[in-house]
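Colleague: Structure below; questions to follow.
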Protein chains: 2
Amino acid sequence: MKAGAGHNVQVQAHAGSAASYDVVIRPGALDELATLVPRVAPAARYAVLTPDRIAPLYGHRVLAALGDAGLRAELFQFPDGEHHKTRDSWGALTDALLAAGYGRDSCVIALGGGVAGDLAGFVAATYMRGIPVVQVPTTLLAMIDASVGGKTGVDTPAGKNLIGAFHPPRLVLMDPRLLATLPPEQFRSGLAEAVKHGAILDEAYFQWILEDAGAILAGDEGAVTRLVARSVELKAAVVAEDPLEHGLRAILNFGHTVGHALELDSGYSMLHGYAVALGMLAEAAAGERAGVTQSGTVARLQQALLACGIPVTAHGVDVAAVAMAMRLDKKAREGTPRLALLRHIGRCAPAADGRWTHGLPEDVIAGSLQGLAQPPRAV
Amino acid sequence: MKAGAGHNVQVQAHAGSAASYDVVIRPGALDELATLVPRVAPAARYAVLTPDRIAPLYGHRVLAALGDAGLRAELFQFPDGEHHKTRDSWGALTDALLAAGYGRDSCVIALGGGVAGDLAGFVAATYMRGIPVVQVPTTLLAMIDASVGGKTGVDTPAGKNLIGAFHPPRLVLMDPRLLATLPPEQFRSGLAEAVKHGAILDEAYFQWILEDAGAILAGDEGAVTRLVARSVELKAAVVAEDPLEHGLRAILNFGHTVGHALELDSGYSMLHGYAVALGMLAEAAAGERAGVTQSGTVARLQQALLACGIPVTAHGVDVAAVAMAMRLDKKAREGTPRLALLRHIGRCAPAADGRWTHGLPEDVIAGSLQGLAQPPRAV
């Protein structure tokens with residue numbers, strides 16, 4: 001694992017293409033935005049798209065920096081929250097850019113959490129058939145998950161991220177100092193994805209998170225920067241191997257098939273990372289039942305999640321409703337949910353057919369869902 | 001120019017990529033759809049998206065053929081017309097596919113004119129971040145223009161095609177026999193784009209259209225197939241050179257800067273090809289005034305358009321409104337309309353800066369717009 005004050009990770013943008021983009025991870029990196037952006041995305045005008053909560057925190061600062069650098073930029077705000085990540089919000093933002101006269105020689109700067117990245121990214125992906133986007137994530141979840149990989153999109157009543165496009169950014173700029181203003185619950189929600197990265201790809205990283213959870217939760221700059229950098233490295237390596245999600249990238253969905261269903265069932269009131277945490281436990285339990293996942297894996301997952309202050313039980317979950325939501329999930333193929341499963345902590349298990357997802361009988365998944373509503377096992 | 005009963009044109013899908021797709025042009029090709037589609041786009045389910053007018057003409061026939069071939073397919077209809085090429089129609093279609101349980105392993109078949117191709121193509125481009133699409137154009141305009149090049153999108157109140165994505169099809173299947181059911185006005189509207197292809201790229205083709213306009217307008221199968229094939233060859237060559245519209249592809253916009261503004265000003269009641277025809281005349285006149293376009297070019301364009309039965313005057317055009325609409329056009333850069341201009345029939349004129357569009361003073365364009373409202377010159 002690399003450590004240190006700053007990291008540059010390079011991500012391959014498209015299969016078989018030479019296009020790639022840099023992920024800059026450095027405390028204080030926000031101050032370099034106005035210098036870096038015109039190099040990777042020269043444009044006549046910059047539209048900074050940011051949610052209402054982020055505008056006063058960082059939006060005006062970004063705008064001033066761009067202006068000082070002689071760049072023409074404006075702020076476009078939208079309401080916070082996953083329930084605003086809709087076609088309507090997307091339509092309103094594209095209309096606002098059109099009304100302001102933004103042309104094809106414009107660039108979008110997506111400043112905010114995962115919702116901002118997905119929504120602003122989808123605006124960029126579809127504005128005049130695609131204009132460049134620079135991702136500036138302000139949450140841990142967005143840094144280590146949403147902003148790398150080029151996925152953009154919106155939710156519909158049928159589920160999350162069902163409408164969208166692949167639109168790789170020109171640059172992802174991550175300043176771990178921005179996480180100081182992140183509500184603690186949101187920070188822990190992001191941490192769940194870091195635990196996932198360790199669980200599917202890197203046992204040493206998993207173990208480090210478990211052991212240094214205290215420093216990470218206390219916001220230690222070195223620990224947080226190391227966390228962001230290693231998670232991005234791991235995710236970027238997977239994305240580079242499978243940019244369009246045809247194979248290996250499915251392992252990043254560990255915990256997400258059940259997790260998405262939990263979020264949907266909660267009306268998106270459950271934090272994404274918390275839903276994924278419960279999803280990982282349920283899917284690991286299903287894997288143990290099916291004999292794919294090493295026994296004891298669920299217990300280790302619980303231990304790490306608890307160390308990170310992430311809830312590991314879901315009292316009052318409606319198992320039947322979650323199972324139904326899962327069936328509608330976009331990863332479902334012809335009605336059979338397919339899950340990415342662990343072999344053990346640090347490694348995923350390929351299926352017999354060579355794919356990275358397993359079709360499990362519904363009663364095995366339902367049984368593991370039941371377990372979520374129980375108190376945690378002793379660890 | 002190639003002639004004969006059938007043509008296969010190969011189109012490069014992405015810059016620097018090995019991906020490409022075939023354009024099959026053959027009388028009777030519709031009967032091969034169910035054989036060809038599963039080869040280029042194997043899918044668990046096929047969604048045939050078609051406008052209400054086309055469903056009874058060809059939709060049910062396509063559905064039956066797919067069913068006979070053992071493929072699972074359903075028809076999704078939407079209202080006819082450019083004014084339905086909206087985000088709302090797109091949202092309704094994606095919701096319909098989601099409600100029917102279509103997954104990522106589905107394929108869209110876009111059966112219809114340019115609106116169907118753009119709208120269904122945009123559905124495919126954004127459904128679960130992109131699923132394959134097969135284009136089956138049923139109008140001359142869609143065959144020789146919209147269905148080659150991978151452009152998809154919808155209109156907004158601010159203008160045409162301002163929201164969309166590049167999403168190359170897996171196959172474009174063109175059956176010239178389908179044009180037998182096309183209203184004659186629609187056929188002539190498409191013919192205007194063929195005249196454009198000759199005007200910008202191939203003087204011999206331009207001359208052939210002028211001389212054989214009678215056979216073409218009478219629906220002679222050989223003449224119509226030759227027309228479709230040559231126009232597709234010409235367009236495909238340009239698209240291959242510049243798939244993402246960064247340079248050369250701008251020449252395909254000859255007539256379109258003014259044309260789009262005319263359409264917008266008419267509330268989209270003017271046929272696209274008719275608007276482009278008037279746009280070509282206005283832009284050629286502007287080019288002559290600016291000394292870029294050879295004198296006499298406007299007269300030759302008028303001659304060819306008249307031979308094809310295409311109107312060459314626009315009485316009652318509100319010049320000021322059209323000029324304003326043009327300024328909002330997406331090809332406008334920083335408020336200055338840029339036009340693709342002819343050197344002479346068969347060849348475009350590069351600008352001094354090496355680009356394929358010219359920034360002309362507004363009064364030159366306004367003057368040429370004024371000319372549209374006048375009776376045609378003697379030819």
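Just remember, in the structure tokens the first chain shown is A, the second B, etc., residues are 1-based per chain, and ligands are 1-based in the order shown.
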For the helix (DSSP H, G or I) assignment from backbone DSSP, which residues of range 103-144 of chain A qualify? Please present them as a PyMOL selection string.
Modeller: chain A and resi 114-126+140-144
Colleague: At a cut-off of 6 Å, which residues of chain A touch chain B? Count only C-alpha atoms and give the answer as a list in words.
Modeller: Gly103, Thr126, Tyr127, Met128, Arg129, Leu162, Ile163, Gly164, Ala165, Phe166 and Lys330 of chain A
Colleague: Could you save the residues just selected, with N, CA, C and O atoms, as an mmCIF file, in the first residue's frame?
Modeller:
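The resulting part.cif:
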data_model
loop_
_atom_site.group_PDB
_atom_site.id
_atom_site.type_symbol
_atom_site.label_atom_id
_atom_site.label_comp_id
_atom_site.auth_asym_id
_atom_site.auth_seq_id
_atom_site.Cartn_x
_atom_site.Cartn_y
_atom_site.Cartn_z
ATOM 1 N N GLY A 103 -22.629 26.372 -24.986
ATOM 2 C CA GLY A 103 -22.482 25.680 -26.259
ATOM 3 C C GLY A 103 -21.720 24.378 -26.109
ATOM 4 O O GLY A 103 -21.448 23.927 -24.986
ATOM 5 N N THR A 126 -25.079 14.066 -21.890
ATOM 6 C CA THR A 126 -26.183 14.206 -22.833
ATOM 7 C C THR A 126 -26.336 15.635 -23.356
ATOM 8 O O THR A 126 -27.211 15.883 -24.186
ATOM 9 N N TYR A 127 -25.524 16.569 -22.858
ATOM 10 C CA TYR A 127 -25.645 17.955 -23.321
ATOM 11 C C TYR A 127 -25.002 18.074 -24.692
ATOM 12 O O TYR A 127 -23.791 17.888 -24.844
ATOM 13 N N MET A 128 -25.818 18.357 -25.693
ATOM 14 C CA MET A 128 -25.322 18.461 -27.073
ATOM 15 C C MET A 128 -24.485 17.242 -27.454
ATOM 16 O O MET A 128 -23.427 17.366 -28.065
ATOM 17 N N ARG A 129 -24.986 16.082 -27.042
ATOM 18 C CA ARG A 129 -24.355 14.769 -27.297
ATOM 19 C C ARG A 129 -23.026 14.586 -26.593
ATOM 20 O O ARG A 129 -22.202 13.776 -27.024
ATOM 21 N N LEU A 162 -31.063 3.422 -13.140
ATOM 22 C CA LEU A 162 -31.536 2.605 -14.262
ATOM 23 C C LEU A 162 -31.419 3.351 -15.583
ATOM 24 O O LEU A 162 -31.404 2.748 -16.651
ATOM 25 N N ILE A 163 -31.335 4.676 -15.506
ATOM 26 C CA ILE A 163 -31.162 5.494 -16.705
ATOM 27 C C ILE A 163 -29.816 6.200 -16.566
ATOM 28 O O ILE A 163 -29.521 6.779 -15.525
ATOM 29 N N GLY A 164 -28.999 6.151 -17.594
ATOM 30 C CA GLY A 164 -27.701 6.798 -17.487
ATOM 31 C C GLY A 164 -26.801 6.489 -18.662
ATOM 32 O O GLY A 164 -27.255 5.955 -19.674
ATOM 33 N N ALA A 165 -25.543 6.852 -18.522
ATOM 34 C CA ALA A 165 -24.577 6.656 -19.600
ATOM 35 C C ALA A 165 -23.181 6.509 -19.007
ATOM 36 O O ALA A 165 -22.927 6.973 -17.898
ATOM 37 N N PHE A 166 -22.295 5.859 -19.758
ATOM 38 C CA PHE A 166 -20.882 5.883 -19.404
ATOM 39 C C PHE A 166 -20.286 7.157 -19.995
ATOM 40 O O PHE A 166 -20.375 7.379 -21.202
ATOM 41 N N LYS A 330 -31.370 -4.003 -11.808
ATOM 42 C CA LYS A 330 -30.899 -4.098 -13.185
ATOM 43 C C LYS A 330 -29.873 -5.196 -13.389
ATOM 44 O O LYS A 330 -29.612 -5.607 -14.506
#
Colleague: Please provide the set of residues having any atom within 6 Å of range 254-265 of chain B, restricted to only C-alpha atoms, with same-chain residues fewer than 4 positions apart removed, written as a list in words.
Modeller: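 With the cut-off at 6 Å, the set is Met270, Ala275, Val276, Gly279, Met280, Val322, Ala325, Met326 and Ala340 of chain B.
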Colleague: Can I get the selected residues back with all heavy atoms, as a tab-separated table (two decimals), in the first residue's frame?
Modeller:
chain	number	residue	atom	x	y	z
B	270	MET	N	-42.40	22.87	-40.57
B	270	MET	CA	-41.72	22.74	-41.86
B	270	MET	C	-40.98	21.41	-41.92
B	270	MET	O	-40.34	21.01	-40.94
B	270	MET	CB	-40.73	23.90	-42.03
B	270	MET	CG	-40.14	24.00	-43.43
B	270	MET	SD	-38.91	25.36	-43.58
B	270	MET	CE	-39.98	26.79	-43.68
B	275	ALA	N	-36.58	22.50	-45.05
B	275	ALA	CA	-35.84	23.55	-44.33
B	275	ALA	C	-34.36	23.53	-44.72
B	275	ALA	O	-33.74	24.58	-44.91
B	275	ALA	CB	-36.00	23.34	-42.82
B	276	VAL	N	-33.80	22.33	-44.87
B	276	VAL	CA	-32.40	22.21	-45.27
B	276	VAL	C	-32.21	22.73	-46.69
B	276	VAL	O	-31.20	23.37	-47.00
B	276	VAL	CB	-31.93	20.75	-45.14
B	276	VAL	CG1	-30.58	20.55	-45.81
B	276	VAL	CG2	-31.85	20.35	-43.67
B	279	GLY	N	-32.15	26.26	-46.41
B	279	GLY	CA	-30.90	26.57	-45.71
B	279	GLY	C	-29.71	26.51	-46.65
B	279	GLY	O	-28.82	27.37	-46.61
B	280	MET	N	-29.68	25.50	-47.53
B	280	MET	CA	-28.57	25.39	-48.49
B	280	MET	C	-28.54	26.60	-49.40
B	280	MET	O	-27.47	27.15	-49.70
B	280	MET	CB	-28.71	24.11	-49.31
B	280	MET	CG	-28.41	22.83	-48.53
B	280	MET	SD	-28.17	21.37	-49.59
B	280	MET	CE	-29.85	21.03	-50.13
B	322	VAL	N	-35.67	34.13	-37.38
B	322	VAL	CA	-34.79	33.05	-37.82
B	322	VAL	C	-33.34	33.36	-37.43
B	322	VAL	O	-32.61	32.48	-36.98
B	322	VAL	CB	-34.92	32.84	-39.34
B	322	VAL	CG1	-33.86	31.85	-39.84
B	322	VAL	CG2	-36.32	32.33	-39.69
B	325	ALA	N	-33.00	32.58	-33.80
B	325	ALA	CA	-32.97	31.13	-33.57
B	325	ALA	C	-31.61	30.56	-33.94
B	325	ALA	O	-31.09	29.67	-33.29
B	325	ALA	CB	-34.07	30.46	-34.39
B	326	MET	N	-31.03	31.12	-35.00
B	326	MET	CA	-29.74	30.64	-35.47
B	326	MET	C	-28.65	30.90	-34.43
B	326	MET	O	-27.74	30.10	-34.24
B	326	MET	CB	-29.37	31.35	-36.76
B	326	MET	CG	-28.56	30.50	-37.69
B	326	MET	SD	-28.58	31.24	-39.33
B	326	MET	CE	-28.12	32.90	-38.96
B	340	ALA	N	-20.96	25.80	-42.55
B	340	ALA	CA	-20.22	25.05	-43.55
B	340	ALA	C	-20.55	25.67	-44.91
B	340	ALA	O	-21.72	25.92	-45.20
B	340	ALA	CB	-20.63	23.58	-43.52
Colleague: Kindly give the distance, in Å, that separates CA of Glu82 in chain B and CA of Ala29 in chain B, rounded to a single decimal.
Modeller: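 Straight-line distance from CA of Glu82 in chain B to CA of Ala29 in chain B works out to 26.5 Å.
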Colleague: List every residue of range 118-339 of chain A that DSSP, applied to the backbone of this structure, assigns to strand (DSSP E or B), and report them as a list in words.
Modeller: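 Residues of range 118-339 of chain A classed as strand (DSSP E or B): Tyr127, Val133, Val134, Gln135, Val136, Pro137, Lys151, Thr152, Gly153, Val154, Asp155, Thr156, Gly159, Lys160, Asn161, Leu162, Ile163, Gly164, Ala165, Phe166, Leu171, Val172, Leu173, Met174, Arg333, Thr336, Arg338 and Leu339 of chain A.
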Colleague: For Leu339 in chain B, list every protein, DNA or RNA residue within 8 Å, evaluated using only C-alpha atoms, and leave out those in the same chain fewer than 3 positions away; present the list as an MDAnalysis selection string.
Modeller: chainID B and resid 253:254 257 283 357:360
Colleague: Keeping only C-alpha atoms, write those residues as a compact mmCIF listing (two decimals), in the first residue's frame.
Modeller:
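For reference, again_18.txt as written:
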# COMPACT_ATOMS: atom_id res chain seq x y z
CA ASN B 253 -24.26 20.59 -41.59
CA PHE B 254 -24.29 22.50 -44.87
CA THR B 257 -27.57 26.18 -39.47
CA GLU B 283 -25.90 29.50 -47.00
CA THR B 357 -16.95 26.15 -40.74
CA HIS B 358 -16.80 29.86 -41.45
CA GLY B 359 -17.77 32.66 -39.12
CA LEU B 360 -19.69 35.10 -41.32
Colleague: Find the residues around Glu185 in chain B up to 9 Å (only C-alpha atoms counted), leave out those fewer than 4 positions away in its own chain, and share them as an MDAnalysis selection string.
Modeller: chainID B and resid 189:190 271 309:310
Colleague: For the selection you just gave me, I'd like the residues written to a file as a short mmCIF file (atom, residue, chain, number, x, y, z; two decimals), in the first residue's frame, keeping all heavy atoms.
Modeller:
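See selection08.cif below for the written result:
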data_model
loop_
_atom_site.label_atom_id
_atom_site.label_comp_id
_atom_site.auth_asym_id
_atom_site.auth_seq_id
_atom_site.Cartn_x
_atom_site.Cartn_y
_atom_site.Cartn_z
N SER B 189 -38.59 15.43 -49.15
CA SER B 189 -37.84 16.01 -48.04
C SER B 189 -36.50 15.27 -47.86
O SER B 189 -35.45 15.88 -47.65
CB SER B 189 -38.68 15.94 -46.76
OG SER B 189 -37.90 16.23 -45.62
N GLY B 190 -36.55 13.96 -47.99
CA GLY B 190 -35.31 13.18 -47.89
C GLY B 190 -34.37 13.45 -49.05
O GLY B 190 -33.15 13.51 -48.89
N LEU B 271 -41.09 20.69 -43.03
CA LEU B 271 -40.36 19.43 -43.18
C LEU B 271 -38.86 19.67 -43.12
O LEU B 271 -38.36 20.65 -43.69
CB LEU B 271 -40.72 18.77 -44.51
CG LEU B 271 -42.12 18.16 -44.60
CD1 LEU B 271 -42.41 17.71 -46.03
CD2 LEU B 271 -42.27 16.98 -43.64
N GLY B 309 -38.66 18.49 -57.13
CA GLY B 309 -39.95 18.91 -56.62
C GLY B 309 -39.90 19.51 -55.23
O GLY B 309 -40.87 19.44 -54.47
N ILE B 310 -38.76 20.11 -54.90
CA ILE B 310 -38.58 20.68 -53.56
C ILE B 310 -38.73 22.21 -53.63
O ILE B 310 -38.11 22.86 -54.47
CB ILE B 310 -37.18 20.32 -53.02
CG1 ILE B 310 -37.04 18.80 -52.92
CG2 ILE B 310 -36.92 20.98 -51.67
CD1 ILE B 310 -35.62 18.31 -52.78
#
Colleague: Smallest atom-to-atom distance to Ala69 in chain A: which of A:Leu248, A:Ala34, A:Ala116, A:Ala237, using only C-alpha atoms?
Modeller: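 Distance minimum relative to Ala69 in chain A lands on A:Ala34.
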Colleague: Please report the interatomic distance between CA of Ala64 in chain B and CA of Trp90 in chain B in Å with one decimal.
Modeller: 25.2 Å
Colleague: Rank nothing, just name the residue among A:Phe187, A:Tyr58, A:Gln294, A:Pro27 nearest to Ala218 in chain A, using only C-alpha atoms.
Modeller: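 For Ala218 in chain A, the nearest of the candidates is A:Phe187.
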Colleague: State, in Å with one decimal place, the distance from CA of Pro243 in chain A to CA of Ser147 in chain A.
Modeller: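 Rounded to one decimal, the two atoms are 13.5 Å apart.
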Colleague: With distances taken over only C-alpha atoms, which of B:Leu75, B:Ala223, B:Val228, B:Ile209 is nearest to Thr139 in chain B?
Modeller: B:Val228
Colleague: If you count only C-alpha atoms, which residues fall within 12 Å of Pro42 in chain B, apart from same-chain ones fewer than 3 positions away, as a list in words?
Modeller: Ala34, Thr35, Leu36, Val37, Pro38, Arg39, Arg45, Tyr46, Leu71, Arg72, Arg104, Asp105, Ser106, Cys107, Val108, Ile131, Pro132, Val133, Val134, Arg170 and Leu171 of chain B
Colleague: Can you pull out every residue within 10 Å of Ala55 in chain B, counting only C-alpha atoms, but drop anything in the same chain fewer than 3 positions away, and send it as a PDB file with N, CA, C and O atoms, in the first residue's frame?
Modeller:
ATOM      1  N   VAL B  48     -39.052  -3.516 -29.867  1.00  0.00           N
ATOM      2  CA  VAL B  48     -39.219  -2.821 -31.138  1.00  0.00           C
ATOM      3  C   VAL B  48     -39.936  -1.509 -30.859  1.00  0.00           C
ATOM      4  O   VAL B  48     -41.103  -1.498 -30.468  1.00  0.00           O
ATOM      5  N   LEU B  49     -39.219  -0.394 -31.011  1.00  0.00           N
ATOM      6  CA  LEU B  49     -39.785   0.929 -30.746  1.00  0.00           C
ATOM      7  C   LEU B  49     -40.177   1.559 -32.072  1.00  0.00           C
ATOM      8  O   LEU B  49     -39.326   1.733 -32.956  1.00  0.00           O
ATOM      9  N   THR B  50     -41.452   1.900 -32.202  1.00  0.00           N
ATOM     10  CA  THR B  50     -41.940   2.377 -33.494  1.00  0.00           C
ATOM     11  C   THR B  50     -43.080   3.364 -33.313  1.00  0.00           C
ATOM     12  O   THR B  50     -43.861   3.241 -32.367  1.00  0.00           O
ATOM     13  N   PRO B  51     -43.173   4.367 -34.199  1.00  0.00           N
ATOM     14  CA  PRO B  51     -44.272   5.326 -34.065  1.00  0.00           C
ATOM     15  C   PRO B  51     -45.602   4.712 -34.514  1.00  0.00           C
ATOM     16  O   PRO B  51     -45.628   3.731 -35.263  1.00  0.00           O
ATOM     17  N   ASP B  52     -46.689   5.333 -34.071  1.00  0.00           N
ATOM     18  CA  ASP B  52     -48.020   4.783 -34.324  1.00  0.00           C
ATOM     19  C   ASP B  52     -48.289   4.531 -35.808  1.00  0.00           C
ATOM     20  O   ASP B  52     -48.946   3.562 -36.166  1.00  0.00           O
ATOM     21  N   TYR B  58     -45.418  -1.878 -40.689  1.00  0.00           N
ATOM     22  CA  TYR B  58     -44.270  -2.800 -40.626  1.00  0.00           C
ATOM     23  C   TYR B  58     -44.002  -3.378 -39.234  1.00  0.00           C
ATOM     24  O   TYR B  58     -43.321  -4.384 -39.110  1.00  0.00           O
ATOM     25  N   GLY B  59     -44.542  -2.730 -38.191  1.00  0.00           N
ATOM     26  CA  GLY B  59     -44.242  -3.158 -36.823  1.00  0.00           C
ATOM     27  C   GLY B  59     -44.680  -4.587 -36.554  1.00  0.00           C
ATOM     28  O   GLY B  59     -43.900  -5.407 -36.048  1.00  0.00           O
ATOM     29  N   HIS B  60     -45.914  -4.888 -36.907  1.00  0.00           N
ATOM     30  CA  HIS B  60     -46.428  -6.220 -36.614  1.00  0.00           C
ATOM     31  C   HIS B  60     -45.712  -7.281 -37.444  1.00  0.00           C
ATOM     32  O   HIS B  60     -45.463  -8.393 -36.982  1.00  0.00           O
ATOM     33  N   ARG B  61     -45.334  -6.907 -38.669  1.00  0.00           N
ATOM     34  CA  ARG B  61     -44.597  -7.826 -39.542  1.00  0.00           C
ATOM     35  C   ARG B  61     -43.216  -8.146 -38.940  1.00  0.00           C
ATOM     36  O   ARG B  61     -42.791  -9.305 -38.922  1.00  0.00           O
ATOM     37  N   VAL B  62     -42.544  -7.105 -38.432  1.00  0.00           N
ATOM     38  CA  VAL B  62     -41.232  -7.311 -37.803  1.00  0.00           C
ATOM     39  C   VAL B  62     -41.368  -8.196 -36.567  1.00  0.00           C
ATOM     40  O   VAL B  62     -40.587  -9.132 -36.351  1.00  0.00           O
ATOM     41  N   LEU B  63     -42.404  -7.912 -35.769  1.00  0.00           N
ATOM     42  CA  LEU B  63     -42.629  -8.682 -34.547  1.00  0.00           C
ATOM     43  C   LEU B  63     -42.875 -10.154 -34.861  1.00  0.00           C
ATOM     44  O   LEU B  63     -42.324 -11.052 -34.206  1.00  0.00           O
ATOM     45  N   LEU B  75     -43.640  -4.908 -29.021  1.00  0.00           N
ATOM     46  CA  LEU B  75     -43.734  -3.625 -29.701  1.00  0.00           C
ATOM     47  C   LEU B  75     -44.016  -2.526 -28.676  1.00  0.00           C
ATOM     48  O   LEU B  75     -44.862  -2.693 -27.796  1.00  0.00           O
ATOM     49  N   PHE B  76     -43.286  -1.409 -28.780  1.00  0.00           N
ATOM     50  CA  PHE B  76     -43.569  -0.233 -27.950  1.00  0.00           C
ATOM     51  C   PHE B  76     -43.834   0.928 -28.891  1.00  0.00           C
ATOM     52  O   PHE B  76     -42.958   1.314 -29.661  1.00  0.00           O
ATOM     53  N   GLN B  77     -45.052   1.459 -28.841  1.00  0.00           N
ATOM     54  CA  GLN B  77     -45.430   2.528 -29.768  1.00  0.00           C
ATOM     55  C   GLN B  77     -45.334   3.894 -29.102  1.00  0.00           C
ATOM     56  O   GLN B  77     -45.451   4.021 -27.888  1.00  0.00           O
ATOM     57  N   PHE B  78     -45.140   4.902 -29.939  1.00  0.00           N
ATOM     58  CA  PHE B  78     -45.168   6.274 -29.435  1.00  0.00           C
ATOM     59  C   PHE B  78     -45.784   7.158 -30.507  1.00  0.00           C
ATOM     60  O   PHE B  78     -45.832   6.782 -31.676  1.00  0.00           O
ATOM     61  N   LEU B 111     -37.550   1.265 -35.342  1.00  0.00           N
ATOM     62  CA  LEU B 111     -38.227   1.084 -36.627  1.00  0.00           C
ATOM     63  C   LEU B 111     -39.050   2.322 -36.935  1.00  0.00           C
ATOM     64  O   LEU B 111     -40.067   2.564 -36.294  1.00  0.00           O
ATOM     65  N   GLY B 112     -38.594   3.113 -37.899  1.00  0.00           N
ATOM     66  CA  GLY B 112     -39.349   4.313 -38.232  1.00  0.00           C
ATOM     67  C   GLY B 112     -38.477   5.349 -38.904  1.00  0.00           C
ATOM     68  O   GLY B 112     -37.393   5.038 -39.412  1.00  0.00           O
TER      69      GLY B 112
END
